[in-house]
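S.K.: Please find one structure pasted underneath; my questions will follow.
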Amino acid sequence: MDYDHTYPVLVNQPEMTRFAKQVAKNLMGESHPQQVIDIPEPLMGSEDFAFMLNQCPGSYLLLGNGQGENSCMVHNPGYDFNDEIILRGIAYWSALTQEFLKE
């Protein structure tokens with residue numbers, strides 16, 4: 001059997017991860033700390049973003065639907081994106097960009 005190791009392991013850069021998390025906390029405010037969570041265990045799927053992180057420091061993060069009875073990860077036939085979080089996602093990516101450009 002031949003096995004090609006074609007995908008690198010995705011490893012978030014700690015400083016960029018802290019930065020991205022702090023922007024999210026600032027955006028959500030002190031009244032919603034439960035909305036910014038750490039994923040306690042590594043995700044074992046492959047991800048093309050690993051190639052980008054090998055070239056540029058960064059952090060792969062998830063904008064999630066939350067954990068509920070019918071929740072599941074993307075790339076699952078049962079996945080249904082929560083349209084109600086679109087504006088929150090736009091606000092986050094805008095704030096992240098603005099804070100990054102300040103530095």
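Order determines the names: the first chain of the structure tokens is A, the second B, and so forth; residues in each chain are numbered 1 upward, and ligands are numbered 1 upward as they are shown.
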If we count only C-alpha atoms, what is near stretch 80-92 of chain A at a cut-off of 7 Å, once residues fewer than 6 positions away on the same chain are taken out, given as a PyMOL selection string?

M.R.: chain A and resi 24+27+63+65

S.K.: Write the residues of the selection above to a file with C-alpha atoms, as a PDB file, in the first residue's frame.

M.R.:
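Wrote it out as again_3.pdb, contents follow:
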ATOM      1  CA  ALA A  24     -14.713  38.163  19.579  1.00  0.00           C
ATOM      2  CA  LEU A  27     -17.505  42.355  20.210  1.00  0.00           C
ATOM      3  CA  LEU A  63     -18.491  30.692  13.465  1.00  0.00           C
ATOM      4  CA  ASN A  65     -24.682  27.683  15.110  1.00  0.00           C
TER       5      ASN A  65
END

S.K.: Dump as a tab-separated table the rows for residues of stretch 73-100 of chain A within 12 Å of stretch 47-62 of chain A: closest atom pair and distance in Å with one decimal, only C-alpha atoms counted, ordered by chain and rising residue number.

M.R.:
residue	atom	partner	partner_atom	distance
A:Met73	CA	A:Leu62	CA	9.8
A:Val74	CA	A:Leu62	CA	10.0
A:His75	CA	A:Glu47	CA	11.6
A:Gly89	CA	A:Leu62	CA	10.1
A:Tyr92	CA	A:Leu62	CA	11.5
A:Trp93	CA	A:Leu61	CA	11.2
A:Leu96	CA	A:Ser59	CA	11.7
A:Phe100	CA	A:Gly58	CA	11.2

S.K.: Residues as selected, N, CA and C atoms, written as a tab-separated table (two decimals), in the first residue's frame, can you do that?

M.R.:
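File produced: out.tsv:
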chain	number	residue	atom	x	y	z
A	73	MET	N	-21.74	19.57	12.50
A	73	MET	CA	-20.68	20.31	11.82
A	73	MET	C	-21.00	20.46	10.33
A	74	VAL	N	-20.32	21.40	9.68
A	74	VAL	CA	-20.46	21.56	8.24
A	74	VAL	C	-20.00	20.27	7.55
A	75	HIS	N	-20.25	20.15	6.28
A	75	HIS	CA	-19.94	18.97	5.47
A	75	HIS	C	-20.72	17.75	5.95
A	89	GLY	N	-21.73	37.40	12.25
A	89	GLY	CA	-20.52	36.99	11.53
A	89	GLY	C	-19.89	38.14	10.77
A	92	TYR	N	-18.22	40.39	13.25
A	92	TYR	CA	-16.97	39.82	13.75
A	92	TYR	C	-15.84	39.98	12.74
A	93	TRP	N	-16.07	39.57	11.51
A	93	TRP	CA	-14.99	39.66	10.50
A	93	TRP	C	-14.59	41.11	10.25
A	96	LEU	N	-12.50	42.12	13.34
A	96	LEU	CA	-11.20	41.44	13.28
A	96	LEU	C	-10.28	42.14	12.29
A	100	PHE	N	-6.88	44.19	13.28
A	100	PHE	CA	-5.62	43.70	12.70
A	100	PHE	C	-4.89	44.82	11.97

S.K.: Considering only C-alpha atoms, state which residue in the set A:Asp2, A:Gln13, A:Tyr79, A:Gly64 is at the smallest distance from A:Ile37.

M.R.: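 Of the candidates, the smallest distance to A:Ile37 is held by A:Gly64.
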
S.K.: Could you pull the residues within 10 Å of A:Glu99, counting only C-alpha atoms, minus those fewer than 3 positions along the same chain, as a PyMOL selection string?

M.R.: chain A and resi 19-20+23+93-96+102-103

S.K.: Would you please give, as an MDAnalysis selection string, all residues of chain A that DSSP assigns to helix (DSSP H, G or I) based on the backbone?

M.R.: chainID A and resid 14:28 33:35 49:53 83:102
